[in-house]
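Peer 1: This is the content of coords-v3.txt (compact mmCIF, C-alpha atoms and all ligand atoms):
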```txt
# COMPACT_ATOMS: atom_id res chain seq x y z
CA MET G 230 138.83 -49.67 221.12
CA ALA G 231 141.93 -47.68 221.95
CA ASN G 232 144.91 -48.42 219.73
CA ALA G 233 147.38 -50.26 221.95
CA SER G 234 150.99 -49.32 221.43
CA ARG G 235 153.30 -52.29 221.07
CA VAL G 236 157.01 -52.82 221.60
CA PRO G 237 159.31 -55.71 220.62
CA LEU G 238 159.74 -58.59 223.08
CA SER G 239 163.41 -57.67 223.33
CA ASP G 240 163.98 -59.16 226.80
CA TYR G 241 163.12 -62.72 225.78
CA GLN G 242 166.18 -64.98 225.62
CA GLU G 243 165.68 -68.37 223.98
CA PRO G 244 167.62 -71.18 225.73
CA SER G 245 168.88 -74.25 223.90
CA THR G 246 166.83 -77.43 224.38
CA ALA G 247 169.47 -78.75 226.79
CA ASP G 248 169.29 -75.53 228.76
CA LEU G 249 165.49 -75.68 228.90
CA LEU G 250 165.77 -79.06 230.54
CA ALA G 251 168.56 -78.03 232.88
CA ARG G 252 166.87 -74.79 233.93
CA SER G 253 163.43 -76.29 234.49
CA GLY G 254 164.99 -79.12 236.51
CA ALA G 255 167.10 -76.75 238.57
CA PHE G 256 164.07 -74.58 239.27
CA TYR G 257 162.03 -77.58 240.38
CA ASP G 258 164.90 -78.62 242.67
CA GLU G 259 164.91 -75.12 244.13
CA MET G 260 161.14 -75.03 244.57
CA LYS G 261 160.86 -78.41 246.23
CA ARG G 262 163.14 -77.14 249.00
CA ARG G 263 160.45 -74.60 249.92
CA ARG G 264 158.66 -75.47 253.10
CA THR G 265 156.02 -73.54 254.95
CA VAL G 266 157.45 -72.71 258.36
CA ARG G 267 155.47 -71.86 261.49
CA ASP G 268 158.29 -70.83 263.85
CA PHE G 269 160.21 -67.71 262.99
CA SER G 270 163.35 -66.03 264.24
CA ALA G 271 162.97 -62.41 265.31
CA ARG G 272 166.09 -61.56 263.31
CA PRO G 273 165.50 -58.44 261.21
CA VAL G 274 165.49 -58.51 257.41
CA ASP G 275 166.56 -55.62 255.18
CA ARG G 276 163.41 -53.92 253.92
CA ARG G 277 164.84 -53.77 250.38
CA VAL G 278 164.56 -57.57 250.17
CA ILE G 279 160.83 -57.29 250.85
CA GLU G 280 160.54 -54.46 248.32
CA ASN G 281 162.17 -56.64 245.64
CA CYS G 282 159.86 -59.55 246.43
CA ILE G 283 156.80 -57.32 246.15
CA LEU G 284 158.06 -55.88 242.87
CA ALA G 285 158.43 -59.48 241.62
CA ALA G 286 154.87 -60.29 242.77
CA GLY G 287 153.65 -57.20 240.93
CA THR G 288 154.89 -58.66 237.62
CA ALA G 289 152.08 -61.25 237.79
CA PRO G 290 149.83 -61.65 234.76
CA ASN G 291 146.41 -60.27 235.68
CA GLY G 292 143.03 -59.25 234.32
CA ALA G 293 143.31 -56.37 231.81
CA ASN G 294 146.54 -55.28 233.55
CA MET G 295 144.52 -53.58 236.30
CA GLN G 296 146.98 -55.01 238.84
CA PRO G 297 144.18 -55.42 241.40
CA TRP G 298 146.36 -55.86 244.47
CA HIS G 299 147.83 -53.93 247.35
CA PHE G 300 150.52 -55.15 249.74
CA VAL G 301 150.68 -53.77 253.27
CA VAL G 302 154.06 -54.53 254.84
CA VAL G 303 153.77 -54.60 258.61
CA SER G 304 156.93 -54.50 260.73
CA ASP G 305 155.69 -52.23 263.54
CA SER G 306 155.44 -54.33 266.70
CA GLU G 307 152.24 -52.64 267.93
CA VAL G 308 150.46 -53.31 264.64
CA LYS G 309 151.75 -56.90 264.58
CA LYS G 310 150.44 -57.39 268.10
CA ALA G 311 147.01 -56.03 267.17
CA ILE G 312 146.90 -58.40 264.18
CA ARG G 313 147.91 -61.32 266.38
CA LEU G 314 145.22 -60.59 268.98
CA ALA G 315 142.47 -60.23 266.38
CA ALA G 316 143.61 -63.31 264.41
CA GLU G 317 143.83 -65.47 267.53
CA ALA G 318 140.32 -64.44 268.58
CA GLU G 319 139.00 -65.60 265.18
CA GLU G 320 141.05 -68.79 265.28
CA ARG G 321 139.76 -69.71 268.75
CA THR G 322 136.20 -69.77 267.46
CA PHE G 323 137.37 -71.57 264.32
CA TYR G 324 139.05 -74.41 266.22
CA ALA G 325 136.37 -74.61 268.96
CA GLN G 326 133.21 -74.12 266.86
CA ARG G 327 133.40 -73.32 263.18
CA ALA G 328 135.74 -76.06 261.93
CA THR G 329 134.02 -79.34 261.12
CA PRO G 330 135.53 -82.56 262.56
CA GLU G 331 136.55 -83.44 259.00
CA TRP G 332 138.44 -80.13 258.66
CA LEU G 333 140.19 -80.60 262.01
CA ASP G 334 141.22 -84.11 260.89
CA ALA G 335 142.69 -82.69 257.68
CA LEU G 336 144.67 -80.12 259.69
CA ALA G 337 145.97 -82.63 262.26
CA PRO G 338 149.17 -83.52 260.31
CA LEU G 339 150.09 -79.83 260.22
CA GLY G 340 149.90 -79.44 263.98
CA THR G 341 148.20 -76.04 263.79
CA ASN G 342 146.25 -74.48 266.67
CA PRO G 343 144.72 -71.09 267.58
CA ASN G 344 148.00 -69.67 268.91
CA LYS G 345 149.79 -67.53 266.37
CA PRO G 346 152.97 -66.21 268.05
CA PHE G 347 154.65 -65.92 264.63
CA LEU G 348 152.42 -62.93 263.91
CA GLU G 349 154.54 -61.03 266.45
CA THR G 350 157.89 -62.81 266.15
CA ALA G 351 158.48 -62.62 262.41
CA PRO G 352 160.00 -59.36 261.16
CA TYR G 353 157.40 -58.89 258.42
CA LEU G 354 153.75 -59.60 257.79
CA ILE G 355 152.90 -58.87 254.19
CA VAL G 356 149.13 -58.46 254.08
CA VAL G 357 147.93 -59.01 250.53
CA PHE G 358 144.72 -57.20 249.60
CA ALA G 359 142.56 -57.87 246.55
CA GLN G 360 141.07 -54.74 244.99
CA ILE G 361 137.52 -55.78 244.13
CA TYR G 362 137.29 -52.58 242.10
CA GLY G 363 139.71 -49.75 241.50
CA LEU G 364 139.39 -46.13 242.51
CA GLY G 365 140.01 -43.54 239.80
CA HIS G 366 141.54 -40.13 240.34
CA ASN G 367 138.21 -38.62 241.30
CA GLY G 368 137.22 -41.56 243.48
CA GLU G 369 135.12 -43.15 240.71
CA LYS G 370 134.88 -46.95 240.56
CA VAL G 371 137.08 -48.67 237.96
CA LYS G 372 136.08 -52.22 236.99
CA HIS G 373 138.58 -54.97 237.80
CA TYR G 374 138.60 -58.40 236.13
CA TYR G 375 139.55 -61.89 237.37
CA VAL G 376 140.52 -60.41 240.72
CA GLN G 377 140.83 -63.66 242.69
CA GLU G 378 142.84 -65.35 239.95
CA SER G 379 145.11 -62.33 239.52
CA VAL G 380 145.82 -61.90 243.22
CA GLY G 381 146.32 -65.66 243.63
CA ILE G 382 148.97 -65.62 240.91
CA ALA G 383 150.67 -62.57 242.47
CA ALA G 384 150.65 -64.27 245.88
CA GLY G 385 152.29 -67.34 244.32
CA LEU G 386 155.01 -65.19 242.82
CA LEU G 387 155.51 -63.45 246.17
CA ILE G 388 155.95 -66.79 247.95
CA THR G 389 158.37 -67.91 245.23
CA ALA G 390 160.34 -64.65 245.40
CA VAL G 391 160.67 -64.88 249.18
CA HIS G 392 161.90 -68.47 248.88
CA ARG G 393 164.31 -67.58 246.05
CA ALA G 394 165.70 -64.74 248.15
CA GLY G 395 166.53 -67.23 250.90
CA LEU G 396 163.87 -66.47 253.49
CA VAL G 397 160.93 -68.59 254.64
CA SER G 398 157.24 -67.81 254.71
CA LEU G 399 153.93 -68.94 256.06
CA THR G 400 150.71 -68.43 254.15
CA HIS G 401 148.25 -67.46 256.85
CA THR G 402 144.54 -66.97 256.27
CA PRO G 403 142.74 -66.22 259.53
CA SER G 404 139.09 -66.69 258.85
CA PRO G 405 137.23 -64.46 258.69
CA MET G 406 139.91 -61.82 258.18
CA GLY G 407 137.82 -58.73 257.56
CA PHE G 408 139.43 -57.20 260.66
CA LEU G 409 142.60 -56.59 258.63
CA ARG G 410 140.92 -54.01 256.44
CA GLU G 411 139.83 -51.86 259.36
CA LEU G 412 143.02 -52.40 261.32
CA LEU G 413 145.25 -51.42 258.40
CA GLY G 414 143.02 -48.59 257.18
CA ARG G 415 142.36 -50.00 253.73
CA PRO G 416 139.38 -48.80 251.66
CA ASP G 417 136.01 -50.55 251.14
CA SER G 418 137.13 -51.54 247.64
CA GLU G 419 139.68 -53.99 249.07
CA ARG G 420 139.43 -57.43 250.70
CA PRO G 421 142.23 -59.12 252.62
CA PHE G 422 143.46 -62.11 250.62
CA LEU G 423 146.14 -63.59 252.87
CA ILE G 424 148.90 -62.70 255.28
CA LEU G 425 152.37 -63.81 254.19
CA VAL G 426 154.55 -64.12 257.29
CA VAL G 427 158.18 -63.63 256.24
CA GLY G 428 161.55 -63.96 257.93
CA TYR G 429 164.28 -66.40 258.92
CA PRO G 430 163.24 -69.75 260.39
CA ALA G 431 163.64 -70.25 264.15
CA ALA G 432 166.69 -72.31 265.10
CA ASN G 433 166.03 -76.06 264.84
CA VAL G 434 162.59 -75.52 263.36
CA LEU G 435 160.55 -78.64 262.62
CA VAL G 436 158.18 -78.95 259.67
CA PRO G 437 155.43 -81.50 259.04
CA ASN G 438 156.53 -84.78 257.45
CA ILE G 439 154.26 -84.49 254.41
CA GLN G 440 154.80 -85.23 250.72
CA LYS G 441 153.78 -83.67 247.44
CA LYS G 442 151.75 -85.74 244.97
CA PRO G 443 153.67 -87.34 242.07
CA LEU G 444 153.40 -85.96 238.55
CA SER G 445 151.12 -88.84 237.50
CA GLU G 446 148.53 -87.67 240.05
CA ILE G 447 148.66 -83.96 239.36
CA ALA G 448 148.95 -83.99 235.57
CA SER G 449 147.57 -85.75 232.49
CA PHE G 450 149.20 -85.51 229.08
CA LEU G 451 146.80 -86.01 226.18
N1 LIG G 501 143.24 -70.67 259.59
C1 LIG G 501 143.52 -71.69 260.58
C2 LIG G 501 143.27 -73.07 260.11
C3 LIG G 501 144.03 -73.55 258.94
C4 LIG G 501 143.34 -73.92 257.80
C5 LIG G 501 143.99 -74.48 256.73
I1 LIG G 501 142.91 -75.13 255.15
C6 LIG G 501 145.40 -74.68 256.78
O1 LIG G 501 146.05 -75.25 255.69
C7 LIG G 501 146.09 -74.31 257.92
C8 LIG G 501 145.40 -73.75 258.98
C9 LIG G 501 144.94 -71.52 261.15
O2 LIG G 501 145.70 -70.71 260.65
O3 LIG G 501 145.29 -72.19 262.10
```
How does the structure come out when it is put into structure tokens?
Ligand code: IYR
Peer 2:
Amino acid sequence: MANASRVPLSDYQEPSTADLLARSGAFYDEMKRRRTVRDFSARPVDRRVIENCILAAGTAPNGANMQPWHFVVVSDSEVKKAIRLAAEAEERTFYAQRATPEWLDALAPLGTNPNKPFLETAPYLIVVFAQIYGLGHNGEKVKHYYVQESVGIAAGLLITAVHRAGLVSLTHTPSPMGFLRELLGRPDSERPFLILVVGYPAANVLVPNIQKKPLSEIASFL
């Protein structure tokens, strides 16, 4: 095994117990304000904000530090339109044929349908790709580990970073979404994971009246 070089954890700052409580509570308060939004303003967003959010996502813990992800940031209106058309075609068959009645019932409170105008309205679509394997300098395959877990964690950080910055997002997973790979010219080694739609909310946007489960339902302390 290669000898790993190690450095001190000099960036860690230990808070007092009171601060731990205050900071964790403040962060929960901040996170519970996050809502998935389905109507976006067309107002532009400085690209550097998106760059910072992606850099934050890229800090995610991941299998063997292979960082098995790639983010394609789409702001070009022609590309957004092509994504919308392809996604809506998939969604039409999903809502009309593929979705089971049980699935449609589960979606009813969200008020979703096959129309996805936000794919054109929002200033950015961040298409997250999972790298099933890596490509070395000479095009050789490099093994990646825990790809789905790693990319899921990075996507969570991306959503959190976008919220923390003060923008809103929508996690969109057209299914199937293989069309994104061809449309965006990504290699065979990658699979689309999700589209994060990012921007400002439309004026007077409404969100579903839904609740998060209480702690007693989502956690057990042994
Ligand atoms: N992909 C479809 C359906 C959909 C599925 C789930 I699970 C959601 O939480 C939301 C939507 C769509 O985008 O409409």
Peer 1: Name the closest residue to Phe323 of chain G among the candidates G:Pro244, G:Pro237, G:Pro430, G:Pro343; distances are taken between atoms, counting all atoms listed in the file.
Peer 2: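 Closest candidate: G:Pro343.
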Peer 1: At a cut-off of 7 Å and counting all atoms listed in the file, what residues surround ligand LIG 501 (chain G)? Please answer as a list in words.
Peer 2: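 Those residues are Glu320, Leu336, Thr341, Asn342, Pro343, His401, Thr402, Pro403 and Ser404 of chain G.
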Peer 1: Could you list, as a list in words, every residue within 6 Å of segment 381-393 of chain G, counting all atoms listed in the file and ignoring same-chain residues fewer than 2 positions away?
Peer 2: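 What passes the distance filter is Cys282, Ala286, Ala289, Gln377, Glu378, Ser379, Gly395, Leu396 and Val397 of chain G.
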Peer 1: Keeping C-alpha atoms, export the residues of the selection given above as a tab-separated table (two decimals), in the coordinates of the input.
Peer 2:
```
chain	number	residue	atom	x	y	z
G	282	CYS	CA	159.86	-59.55	246.43
G	286	ALA	CA	154.87	-60.29	242.77
G	289	ALA	CA	152.08	-61.25	237.79
G	377	GLN	CA	140.83	-63.66	242.69
G	378	GLU	CA	142.84	-65.35	239.95
G	379	SER	CA	145.11	-62.33	239.52
G	395	GLY	CA	166.53	-67.23	250.90
G	396	LEU	CA	163.87	-66.47	253.49
G	397	VAL	CA	160.93	-68.59	254.64
```
Peer 1: Can you work out the spacing between atom CA of Arg263 of chain G and atom CA of Arg420 of chain G in Å, to one decimal?
Peer 2: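 Between atom CA of Arg263 of chain G and atom CA of Arg420 of chain G the gap is 27.2 Å.
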Peer 1: Applying 12 Å and only C-alpha atoms, which residues near Gly368 of chain G remain after dropping the ones on its own chain fewer than 4 positions away? List them as a PyMOL selection string.
Peer 2: chain G and resi 362-364+416-418
Peer 1: Keeping only C-alpha atoms, write those residues as a compact mmCIF listing (two decimals), in the frame of the given file.
Peer 2:
```txt
# COMPACT_ATOMS: atom_id res chain seq x y z
CA TYR G 362 137.29 -52.58 242.10
CA GLY G 363 139.71 -49.75 241.50
CA LEU G 364 139.39 -46.13 242.51
CA PRO G 416 139.38 -48.80 251.66
CA ASP G 417 136.01 -50.55 251.14
CA SER G 418 137.13 -51.54 247.64
```
Peer 1: What gap, in Å, lies between atom CA of Tyr429 of chain G and atom CA of Tyr353 of chain G?
Peer 2: 10.2 Å
Peer 1: Could you produce a table of the residues of segment 238-325 of chain G lying within 12 Å of segment 440-450 of chain G, with the nearest pair of atoms per residue and their separation in Å rounded to one decimal, using all atoms listed in the file, ordered by chain and increasing residue number, as JSON lines?
Peer 2:
```
{"residue": "G:Met260", "atom": "CA", "partner": "G:Lys441", "partner_atom": "CA", "distance": 11.7}
{"residue": "G:Lys261", "atom": "CA", "partner": "G:Lys441", "partner_atom": "CA", "distance": 8.9}
{"residue": "G:Arg262", "atom": "CA", "partner": "G:Lys441", "partner_atom": "CA", "distance": 11.5}
{"residue": "G:Arg263", "atom": "CA", "partner": "G:Lys441", "partner_atom": "CA", "distance": 11.5}
{"residue": "G:Arg264", "atom": "CA", "partner": "G:Gln440", "partner_atom": "CA", "distance": 10.8}
```
Peer 1: Between G:Gly365, G:Gly254, G:Pro437, G:Pro273, which has the minimum distance to Ser304 of chain G (counting only C-alpha atoms)?
Peer 2: G:Pro273
Peer 1: Would you mind telling me which residue in G:Thr265, G:Lys372, G:Arg415, G:Val236 lies nearest to Thr400 of chain G when using only C-alpha atoms?
Peer 2: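 Answer, going by the shortest atom-to-atom distance: G:Thr265.
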Peer 1: Which is closer to Val303 of chain G than all the others in G:Val436, G:Leu238, G:Ala247, G:Ala351, using only C-alpha atoms?
Peer 2: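 For Val303 of chain G, the nearest of the given residues is G:Ala351.
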